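Each remark here refers to the structure printed beneath this line.
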Amino acid sequence: LLVRNYNLAYLNLSNNYLKSFYIENTKSLTSNQIGLVELDLNYNKIVNQTDTFLSGFNKLESLAYSKNGFESFDFQLFKNFSYLTFVDLSCNRIAAIKSPNFTFLNKIKTLNLSNNLIEKVSTHLLENLIRLDSLDLSKNRLKALDQLVFSKLNNLDYLNLNENKLRTLPVLSDLKKLEFLDLGRNSLTSIESASFRKLFVLERLSLASNRLENISQDLFNDLSSLVYLDLSNNSIQSIESGSFRFLANLQSLLINSTKLKVIEKLGELSSIK
């Protein structure tokens, strides 16, 4: 597709059969001549990102590029995109992310990489996304994460890691603004007692459909803002006495479809309706 209207601010080309997308003669244009702010390329067939792909769209703030079927993505294509805040690359076949880091994407707030084939996310990959508040890595093939992979994401309030193959958790205590955390449908058998430390504003936590066998007494000690907790579909046999004693605001607790035989002191949960 050849774009020549430089006055466009919003362009929706989703649900087509496009195989390419570029602007002609970008070298003759200045960054102020192309005003496109929002671009939707969802559900197309743009598999290859050549040097001309997205070239010239320096004002772009939002890119929706899901369901195209590409296997890798080179984030260097965004090196001049200083206004970009929203990127959706979900539902593709990304296994490799071709960029040492996101230094040039320090304004991005939402990054959706769900429904891909990603097996690894390195520590340095995300450290420059200092304004990121929403990260979706669900439905990938992550088996482990570097311990400090999220340590610089101080503004993150939404983190979705559902439906991966995680057996251990990275350090999450730096995510002091986190409100939503989905760890469901992984392979967790146990969780360190310090895993959820300092997550004082977390409101929703899902640990459903893992292989958890025990809930330790101090696992949820710092989750005083939690209103929703899903422990369903695990192999939980015991919940230590006092495990819920600091969950003063909890309203929904799911412990169905486990192997639980005894549970004590549910009276601690007076906030449940």
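Chain labels follow the order of the structure tokens: the first chain is A, the next B, and so on; residue numbering restarts at 1 in every chain, and ligands are counted from 1 in their shown order.
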| Residue list (strand (DSSP E), DSSP) for range 2-235 of chain A, as a ChimeraX atom specification | /A:2-3,10-12,22-23,38-40,62-64,72-73,86-88,96-97,110-112,134-136,158-160,180-182,204-206,214-215,228-230
| Close residues, range 121-132 of chain A itself excluded, 9 Å, only C-alpha atoms, min 3 positions apart in chain, as number ranges by chain | A: 85, 97, 99-111, 118, 135, 142, 144-157
Can I get the selection written as a compact mmCIF listing (two decimals), in the first residue's frame, with N, CA and C atoms?
```txt
# COMPACT_ATOMS: atom_id res chain seq x y z
N THR A 85 3.30 5.72 22.15
CA THR A 85 2.88 5.34 23.51
C THR A 85 2.16 4.00 23.56
N ILE A 97 12.88 -11.09 19.50
CA ILE A 97 12.73 -9.64 19.48
C ILE A 97 14.09 -9.05 19.14
N SER A 99 16.18 -6.41 19.11
CA SER A 99 16.61 -5.10 19.61
C SER A 99 17.33 -5.32 20.92
N PRO A 100 18.48 -4.68 21.13
CA PRO A 100 19.18 -4.84 22.40
C PRO A 100 18.40 -4.25 23.57
N ASN A 101 17.67 -3.20 23.31
CA ASN A 101 16.81 -2.59 24.34
C ASN A 101 15.86 -1.61 23.67
N PHE A 102 15.01 -0.98 24.46
CA PHE A 102 14.03 -0.04 23.93
C PHE A 102 14.40 1.40 24.30
N THR A 103 15.68 1.74 24.20
CA THR A 103 16.15 3.06 24.62
C THR A 103 15.35 4.19 23.99
N PHE A 104 15.01 4.02 22.72
CA PHE A 104 14.33 5.08 21.97
C PHE A 104 12.82 5.05 22.17
N LEU A 105 12.31 4.14 22.99
CA LEU A 105 10.87 4.05 23.22
C LEU A 105 10.54 4.39 24.67
N ASN A 106 11.17 5.42 25.19
CA ASN A 106 10.98 5.72 26.61
C ASN A 106 9.66 6.40 26.94
N LYS A 107 8.79 6.63 25.93
CA LYS A 107 7.47 7.20 26.20
C LYS A 107 6.35 6.17 26.10
N ILE A 108 6.69 4.95 25.70
CA ILE A 108 5.65 3.95 25.50
C ILE A 108 4.99 3.59 26.83
N LYS A 109 3.66 3.49 26.81
CA LYS A 109 2.89 3.18 28.01
C LYS A 109 2.25 1.80 27.96
N THR A 110 1.89 1.35 26.76
CA THR A 110 1.24 0.05 26.61
C THR A 110 1.97 -0.78 25.58
N LEU A 111 2.35 -2.01 25.98
CA LEU A 111 3.03 -2.94 25.08
C LEU A 111 2.35 -4.29 25.18
N ILE A 118 7.23 -16.28 22.15
CA ILE A 118 8.39 -15.75 22.85
C ILE A 118 8.81 -16.70 23.98
N LEU A 135 1.81 -4.15 30.46
CA LEU A 135 2.62 -5.11 29.72
C LEU A 135 1.90 -6.45 29.68
N LEU A 142 7.22 -18.64 27.69
CA LEU A 142 8.19 -18.28 28.71
C LEU A 142 8.30 -19.38 29.76
N ALA A 144 11.14 -19.22 32.04
CA ALA A 144 11.78 -18.53 33.16
C ALA A 144 12.02 -17.08 32.76
N LEU A 145 12.10 -16.22 33.75
CA LEU A 145 12.39 -14.80 33.52
C LEU A 145 13.58 -14.41 34.37
N ASP A 146 14.46 -13.56 33.82
CA ASP A 146 15.57 -13.05 34.61
C ASP A 146 15.02 -12.38 35.87
N GLN A 147 15.70 -12.55 36.96
CA GLN A 147 15.21 -12.06 38.24
C GLN A 147 14.91 -10.57 38.26
N LEU A 148 15.67 -9.79 37.51
CA LEU A 148 15.51 -8.34 37.54
C LEU A 148 14.85 -7.78 36.28
N VAL A 149 14.16 -8.64 35.54
CA VAL A 149 13.61 -8.23 34.24
C VAL A 149 12.62 -7.07 34.36
N PHE A 150 11.91 -6.97 35.48
CA PHE A 150 10.91 -5.91 35.65
C PHE A 150 11.39 -4.81 36.60
N SER A 151 12.63 -4.84 37.01
CA SER A 151 13.10 -3.99 38.11
C SER A 151 13.06 -2.50 37.82
N LYS A 152 13.05 -2.10 36.54
CA LYS A 152 13.04 -0.68 36.19
C LYS A 152 11.65 -0.16 35.81
N LEU A 153 10.66 -1.04 35.86
CA LEU A 153 9.32 -0.66 35.41
C LEU A 153 8.51 -0.10 36.58
N ASN A 154 8.94 1.05 37.06
CA ASN A 154 8.36 1.60 38.28
C ASN A 154 6.93 2.12 38.12
N ASN A 155 6.48 2.30 36.87
CA ASN A 155 5.13 2.81 36.64
C ASN A 155 4.14 1.73 36.21
N LEU A 156 4.59 0.49 36.16
CA LEU A 156 3.73 -0.59 35.68
C LEU A 156 2.58 -0.84 36.65
N ASP A 157 1.35 -0.83 36.13
CA ASP A 157 0.19 -1.16 36.98
C ASP A 157 -0.56 -2.40 36.48
```
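The interatomic distance for the pair CA of Phe75 in chain A and CA of Gly35 in chain A works out to 21.0 Å.
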With only C-alpha atoms as the counted atoms, please give the residues lying no more than 9 Å from Leu117 in chain A, apart from itself and same-chain residues fewer than 5 positions off, as a PDB file with all heavy atoms, in the first residue's frame.
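Once written, selection-v1.pdb looks like this:
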```pdb
ATOM      1  N   GLU A  71       7.207 -13.521  12.166  1.00  0.00           N
ATOM      2  CA  GLU A  71       7.923 -14.347  13.132  1.00  0.00           C
ATOM      3  C   GLU A  71       8.946 -13.585  13.959  1.00  0.00           C
ATOM      4  O   GLU A  71       9.420 -14.091  14.981  1.00  0.00           O
ATOM      5  CB  GLU A  71       8.609 -15.511  12.414  1.00  0.00           C
ATOM      6  CG  GLU A  71       7.608 -16.454  11.731  1.00  0.00           C
ATOM      7  CD  GLU A  71       8.283 -17.609  11.023  1.00  0.00           C
ATOM      8  OE1 GLU A  71       9.537 -17.642  11.018  1.00  0.00           O
ATOM      9  OE2 GLU A  71       7.564 -18.474  10.489  1.00  0.00           O
ATOM     10  N   ASN A  92       0.771 -12.879  16.752  1.00  0.00           N
ATOM     11  CA  ASN A  92       1.628 -13.142  15.609  1.00  0.00           C
ATOM     12  C   ASN A  92       2.426 -14.405  15.915  1.00  0.00           C
ATOM     13  O   ASN A  92       1.972 -15.238  16.701  1.00  0.00           O
ATOM     14  CB  ASN A  92       2.528 -11.931  15.343  1.00  0.00           C
ATOM     15  CG  ASN A  92       1.759 -10.791  14.683  1.00  0.00           C
ATOM     16  OD1 ASN A  92       1.351 -10.881  13.535  1.00  0.00           O
ATOM     17  ND2 ASN A  92       1.536  -9.708  15.425  1.00  0.00           N
ATOM     18  N   ARG A  93       3.589 -14.541  15.337  1.00  0.00           N
ATOM     19  CA  ARG A  93       4.426 -15.719  15.597  1.00  0.00           C
ATOM     20  C   ARG A  93       5.837 -15.295  16.032  1.00  0.00           C
ATOM     21  O   ARG A  93       6.834 -15.935  15.697  1.00  0.00           O
ATOM     22  CB  ARG A  93       4.487 -16.614  14.358  1.00  0.00           C
ATOM     23  CG  ARG A  93       3.124 -17.161  13.936  1.00  0.00           C
ATOM     24  CD  ARG A  93       3.244 -18.142  12.776  1.00  0.00           C
ATOM     25  NE  ARG A  93       4.081 -19.282  13.095  1.00  0.00           N
ATOM     26  CZ  ARG A  93       3.693 -20.335  13.807  1.00  0.00           C
ATOM     27  NH1 ARG A  93       2.455 -20.381  14.301  1.00  0.00           N
ATOM     28  NH2 ARG A  93       4.515 -21.347  14.042  1.00  0.00           N
ATOM     29  N   ILE A  94       5.885 -14.217  16.799  1.00  0.00           N
ATOM     30  CA  ILE A  94       7.173 -13.674  17.232  1.00  0.00           C
ATOM     31  C   ILE A  94       7.859 -14.635  18.203  1.00  0.00           C
ATOM     32  O   ILE A  94       7.314 -14.976  19.250  1.00  0.00           O
ATOM     33  CB  ILE A  94       6.996 -12.311  17.918  1.00  0.00           C
ATOM     34  CG1 ILE A  94       6.325 -11.315  16.978  1.00  0.00           C
ATOM     35  CG2 ILE A  94       8.343 -11.775  18.384  1.00  0.00           C
ATOM     36  CD1 ILE A  94       5.989  -9.997  17.632  1.00  0.00           C
ATOM     37  N   ALA A  95       9.050 -15.059  17.816  1.00  0.00           N
ATOM     38  CA  ALA A  95       9.868 -15.876  18.707  1.00  0.00           C
ATOM     39  C   ALA A  95      11.082 -15.086  19.179  1.00  0.00           C
ATOM     40  O   ALA A  95      11.608 -15.318  20.262  1.00  0.00           O
ATOM     41  CB  ALA A  95      10.319 -17.154  18.011  1.00  0.00           C
ATOM     42  N   ALA A  96      11.511 -14.139  18.337  1.00  0.00           N
ATOM     43  CA  ALA A  96      12.689 -13.338  18.662  1.00  0.00           C
ATOM     44  C   ALA A  96      12.363 -11.857  18.556  1.00  0.00           C
ATOM     45  O   ALA A  96      11.652 -11.434  17.655  1.00  0.00           O
ATOM     46  CB  ALA A  96      13.836 -13.686  17.717  1.00  0.00           C
ATOM     47  N   LYS A 139       0.168 -15.965  27.001  1.00  0.00           N
ATOM     48  CA  LYS A 139       0.076 -16.920  25.894  1.00  0.00           C
ATOM     49  C   LYS A 139       1.339 -16.912  25.026  1.00  0.00           C
ATOM     50  O   LYS A 139       1.288 -16.792  23.810  1.00  0.00           O
ATOM     51  CB  LYS A 139      -1.171 -16.640  25.052  1.00  0.00           C
ATOM     52  CG  LYS A 139      -2.464 -16.816  25.826  1.00  0.00           C
ATOM     53  CD  LYS A 139      -3.688 -16.607  24.984  1.00  0.00           C
ATOM     54  CE  LYS A 139      -4.946 -16.818  25.819  1.00  0.00           C
ATOM     55  NZ  LYS A 139      -6.185 -16.612  25.042  1.00  0.00           N
ATOM     56  N   ASN A 140       2.478 -17.035  25.712  1.00  0.00           N
ATOM     57  CA  ASN A 140       3.750 -17.219  25.039  1.00  0.00           C
ATOM     58  C   ASN A 140       4.376 -18.523  25.524  1.00  0.00           C
ATOM     59  O   ASN A 140       3.659 -19.397  26.009  1.00  0.00           O
ATOM     60  CB  ASN A 140       4.672 -16.017  25.298  1.00  0.00           C
ATOM     61  CG  ASN A 140       4.394 -14.865  24.347  1.00  0.00           C
ATOM     62  OD1 ASN A 140       4.758 -14.902  23.185  1.00  0.00           O
ATOM     63  ND2 ASN A 140       3.738 -13.823  24.852  1.00  0.00           N
ATOM     64  N   ARG A 141       5.684 -18.651  25.415  1.00  0.00           N
ATOM     65  CA  ARG A 141       6.359 -19.883  25.807  1.00  0.00           C
ATOM     66  C   ARG A 141       7.447 -19.621  26.840  1.00  0.00           C
ATOM     67  O   ARG A 141       8.462 -20.302  26.881  1.00  0.00           O
ATOM     68  CB  ARG A 141       6.941 -20.575  24.576  1.00  0.00           C
ATOM     69  CG  ARG A 141       5.879 -21.010  23.574  1.00  0.00           C
ATOM     70  CD  ARG A 141       6.473 -21.749  22.394  1.00  0.00           C
ATOM     71  NE  ARG A 141       5.436 -22.218  21.471  1.00  0.00           N
ATOM     72  CZ  ARG A 141       5.675 -22.914  20.367  1.00  0.00           C
ATOM     73  NH1 ARG A 141       6.921 -23.232  20.034  1.00  0.00           N
ATOM     74  NH2 ARG A 141       4.684 -23.302  19.589  1.00  0.00           N
ATOM     75  N   LEU A 142       7.219 -18.645  27.686  1.00  0.00           N
ATOM     76  CA  LEU A 142       8.191 -18.280  28.708  1.00  0.00           C
ATOM     77  C   LEU A 142       8.301 -19.377  29.763  1.00  0.00           C
ATOM     78  O   LEU A 142       7.304 -19.761  30.370  1.00  0.00           O
ATOM     79  CB  LEU A 142       7.785 -16.972  29.376  1.00  0.00           C
ATOM     80  CG  LEU A 142       7.742 -15.732  28.483  1.00  0.00           C
ATOM     81  CD1 LEU A 142       7.093 -14.577  29.227  1.00  0.00           C
ATOM     82  CD2 LEU A 142       9.133 -15.360  28.000  1.00  0.00           C
TER      83      LEU A 142
END
```
| What is the CA of Glu61 in chain A-CA of Leu159 in chain A distance in Å, reported with one decimal? |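 Interatomic distance here is 21.3 Å.
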Hey, what's within 10 Å of Leu183 in chain A if we count only C-alpha atoms and toss same-chain stuff fewer than 6 positions away? As a PDB file with N, CA and C atoms, in the first residue's frame, please?
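This is the output file result-v9.pdb:
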```pdb
ATOM      1  N   SER A 138       1.125 -12.593  27.943  1.00  0.00           N
ATOM      2  CA  SER A 138       0.362 -13.832  28.098  1.00  0.00           C
ATOM      3  C   SER A 138       0.387 -14.675  26.826  1.00  0.00           C
ATOM      4  N   LEU A 159       0.225  -6.261  34.629  1.00  0.00           N
ATOM      5  CA  LEU A 159       1.181  -7.259  34.141  1.00  0.00           C
ATOM      6  C   LEU A 159       0.463  -8.589  33.961  1.00  0.00           C
ATOM      7  N   ASN A 160       0.434  -9.052  32.707  1.00  0.00           N
ATOM      8  CA  ASN A 160      -0.245 -10.304  32.387  1.00  0.00           C
ATOM      9  C   ASN A 160       0.775 -11.321  31.877  1.00  0.00           C
ATOM     10  N   LEU A 161       0.973 -12.396  32.657  1.00  0.00           N
ATOM     11  CA  LEU A 161       1.880 -13.484  32.289  1.00  0.00           C
ATOM     12  C   LEU A 161       1.126 -14.796  32.183  1.00  0.00           C
ATOM     13  N   ASN A 162      -0.177 -14.706  32.028  1.00  0.00           N
ATOM     14  CA  ASN A 162      -1.029 -15.887  31.951  1.00  0.00           C
ATOM     15  C   ASN A 162      -0.627 -16.806  30.793  1.00  0.00           C
ATOM     16  N   GLU A 163      -0.798 -18.088  31.006  1.00  0.00           N
ATOM     17  CA  GLU A 163      -0.621 -19.116  29.983  1.00  0.00           C
ATOM     18  C   GLU A 163       0.778 -19.097  29.347  1.00  0.00           C
ATOM     19  N   ASN A 164       1.767 -19.238  30.235  1.00  0.00           N
ATOM     20  CA  ASN A 164       3.135 -19.486  29.806  1.00  0.00           C
ATOM     21  C   ASN A 164       3.566 -20.810  30.429  1.00  0.00           C
ATOM     22  N   LEU A 166       5.975 -20.819  33.104  1.00  0.00           N
ATOM     23  CA  LEU A 166       6.826 -20.360  34.194  1.00  0.00           C
ATOM     24  C   LEU A 166       6.822 -21.340  35.369  1.00  0.00           C
ATOM     25  N   LEU A 169       9.266 -17.353  39.717  1.00  0.00           N
ATOM     26  CA  LEU A 169       8.896 -15.959  39.513  1.00  0.00           C
ATOM     27  C   LEU A 169      10.113 -15.052  39.664  1.00  0.00           C
ATOM     28  N   LEU A 205      -5.160 -10.527  41.778  1.00  0.00           N
ATOM     29  CA  LEU A 205      -4.083 -11.505  41.631  1.00  0.00           C
ATOM     30  C   LEU A 205      -4.672 -12.857  41.262  1.00  0.00           C
ATOM     31  N   SER A 206      -4.195 -13.418  40.147  1.00  0.00           N
ATOM     32  CA  SER A 206      -4.606 -14.755  39.747  1.00  0.00           C
ATOM     33  C   SER A 206      -3.414 -15.695  39.740  1.00  0.00           C
ATOM     34  N   LEU A 207      -3.569 -16.793  40.476  1.00  0.00           N
ATOM     35  CA  LEU A 207      -2.598 -17.892  40.485  1.00  0.00           C
ATOM     36  C   LEU A 207      -3.283 -19.176  40.039  1.00  0.00           C
ATOM     37  N   ALA A 208      -4.397 -19.017  39.345  1.00  0.00           N
ATOM     38  CA  ALA A 208      -5.221 -20.164  38.956  1.00  0.00           C
ATOM     39  C   ALA A 208      -4.493 -21.083  37.975  1.00  0.00           C
ATOM     40  N   SER A 209      -4.855 -22.366  38.031  1.00  0.00           N
ATOM     41  CA  SER A 209      -4.384 -23.361  37.062  1.00  0.00           C
ATOM     42  C   SER A 209      -2.864 -23.457  37.004  1.00  0.00           C
ATOM     43  N   ASN A 210      -2.269 -23.552  38.196  1.00  0.00           N
ATOM     44  CA  ASN A 210      -0.859 -23.875  38.311  1.00  0.00           C
ATOM     45  C   ASN A 210      -0.739 -25.239  38.992  1.00  0.00           C
ATOM     46  N   ASP A 230      -7.505 -15.437  43.033  1.00  0.00           N
ATOM     47  CA  ASP A 230      -7.920 -16.690  42.404  1.00  0.00           C
ATOM     48  C   ASP A 230      -6.835 -17.742  42.603  1.00  0.00           C
TER      49      ASP A 230
END
```
| Got a sec: who's within 9 Å of Thr189 in chain A, counting only C-alpha atoms, leaving out chain neighbours fewer than 6 positions off, as a list in words? | Arg167, Thr168, Asn210, Arg211, Leu212, Glu213, Asn214, Asn234 and Ser235 of chain A
Write to file, as a PDB file, in the first residue's frame, the residues of the selection just made, with N, CA and C atoms.
```
ATOM      1  N   ARG A 167       8.017 -21.625  35.870  1.00  0.00           N
ATOM      2  CA  ARG A 167       8.160 -22.483  37.040  1.00  0.00           C
ATOM      3  C   ARG A 167       8.621 -21.691  38.265  1.00  0.00           C
ATOM      4  N   THR A 168       9.217 -20.540  37.995  1.00  0.00           N
ATOM      5  CA  THR A 168       9.651 -19.649  39.072  1.00  0.00           C
ATOM      6  C   THR A 168       9.244 -18.224  38.727  1.00  0.00           C
ATOM      7  N   ASN A 210      -2.269 -23.552  38.196  1.00  0.00           N
ATOM      8  CA  ASN A 210      -0.859 -23.875  38.311  1.00  0.00           C
ATOM      9  C   ASN A 210      -0.739 -25.239  38.992  1.00  0.00           C
ATOM     10  N   ARG A 211       0.364 -25.458  39.679  1.00  0.00           N
ATOM     11  CA  ARG A 211       0.565 -26.735  40.375  1.00  0.00           C
ATOM     12  C   ARG A 211       0.895 -26.507  41.836  1.00  0.00           C
ATOM     13  N   LEU A 212       0.364 -25.424  42.379  1.00  0.00           N
ATOM     14  CA  LEU A 212       0.646 -25.061  43.764  1.00  0.00           C
ATOM     15  C   LEU A 212       0.102 -26.116  44.727  1.00  0.00           C
ATOM     16  N   GLU A 213       0.903 -26.448  45.719  1.00  0.00           N
ATOM     17  CA  GLU A 213       0.502 -27.456  46.692  1.00  0.00           C
ATOM     18  C   GLU A 213       0.249 -26.871  48.069  1.00  0.00           C
ATOM     19  N   ASN A 214       0.858 -25.712  48.347  1.00  0.00           N
ATOM     20  CA  ASN A 214       0.739 -25.121  49.668  1.00  0.00           C
ATOM     21  C   ASN A 214       0.742 -23.601  49.577  1.00  0.00           C
ATOM     22  N   ASN A 234      -5.644 -25.724  41.306  1.00  0.00           N
ATOM     23  CA  ASN A 234      -4.286 -26.050  41.708  1.00  0.00           C
ATOM     24  C   ASN A 234      -4.302 -27.398  42.438  1.00  0.00           C
ATOM     25  N   SER A 235      -3.169 -27.758  42.999  1.00  0.00           N
ATOM     26  CA  SER A 235      -3.078 -29.003  43.769  1.00  0.00           C
ATOM     27  C   SER A 235      -2.929 -28.694  45.247  1.00  0.00           C
TER      28      SER A 235
END
```
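Taking only C-alpha atoms, the non-local environment of Leu113 in chain A within 8 Å (same-chain residues fewer than 4 positions away omitted) comprises Asp88, Leu89, Ser90, Cys91, Leu135, Asp136, Leu137 and Ser138 of chain A.
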For the selection just defined, write its residues with N, CA, C and O atoms to a file, as a CSV table (one decimal), in the first residue's frame.
```csv
chain,number,residue,atom,x,y,z
A,88,ASP,N,0.7,-2.7,19.8
A,88,ASP,CA,0.1,-4.0,19.9
A,88,ASP,C,0.6,-4.9,18.8
A,88,ASP,O,0.3,-4.7,17.7
A,89,LEU,N,1.4,-5.9,19.2
A,89,LEU,CA,2.0,-6.9,18.3
A,89,LEU,C,1.5,-8.3,18.6
A,89,LEU,O,2.1,-9.3,18.3
A,90,SER,N,0.3,-8.3,19.2
A,90,SER,CA,-0.2,-9.6,19.7
A,90,SER,C,-0.7,-10.5,18.5
A,90,SER,O,-0.8,-10.1,17.4
A,91,CYS,N,-0.8,-11.8,18.9
A,91,CYS,CA,-1.3,-12.8,17.9
A,91,CYS,C,-0.5,-12.9,16.6
A,91,CYS,O,-1.1,-12.8,15.5
A,135,LEU,N,1.8,-4.2,30.5
A,135,LEU,CA,2.6,-5.1,29.7
A,135,LEU,C,1.9,-6.5,29.7
A,135,LEU,O,1.6,-7.0,30.7
A,136,ASP,N,1.6,-6.9,28.5
A,136,ASP,CA,1.0,-8.2,28.3
A,136,ASP,C,1.9,-9.2,27.6
A,136,ASP,O,2.2,-9.0,26.4
A,137,LEU,N,2.3,-10.2,28.3
A,137,LEU,CA,3.1,-11.3,27.7
A,137,LEU,C,2.4,-12.6,27.8
A,137,LEU,O,3.1,-13.7,27.8
A,138,SER,N,1.1,-12.6,27.9
A,138,SER,CA,0.4,-13.8,28.1
A,138,SER,C,0.4,-14.7,26.8
A,138,SER,O,0.6,-14.2,25.7
```
| Please, what distance in Å, to one decimal, runs between CA of Leu199 in chain A and CA of Lys120 in chain A? |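 Rounded to one decimal, the two atoms are 24.5 Å apart.
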| note | Nearest to Glu179 in chain A, restricted to only C-alpha atoms and choosing among A:Lys198, A:Arg204, A:Lys98, A:Lys67, comes out as A:Arg204
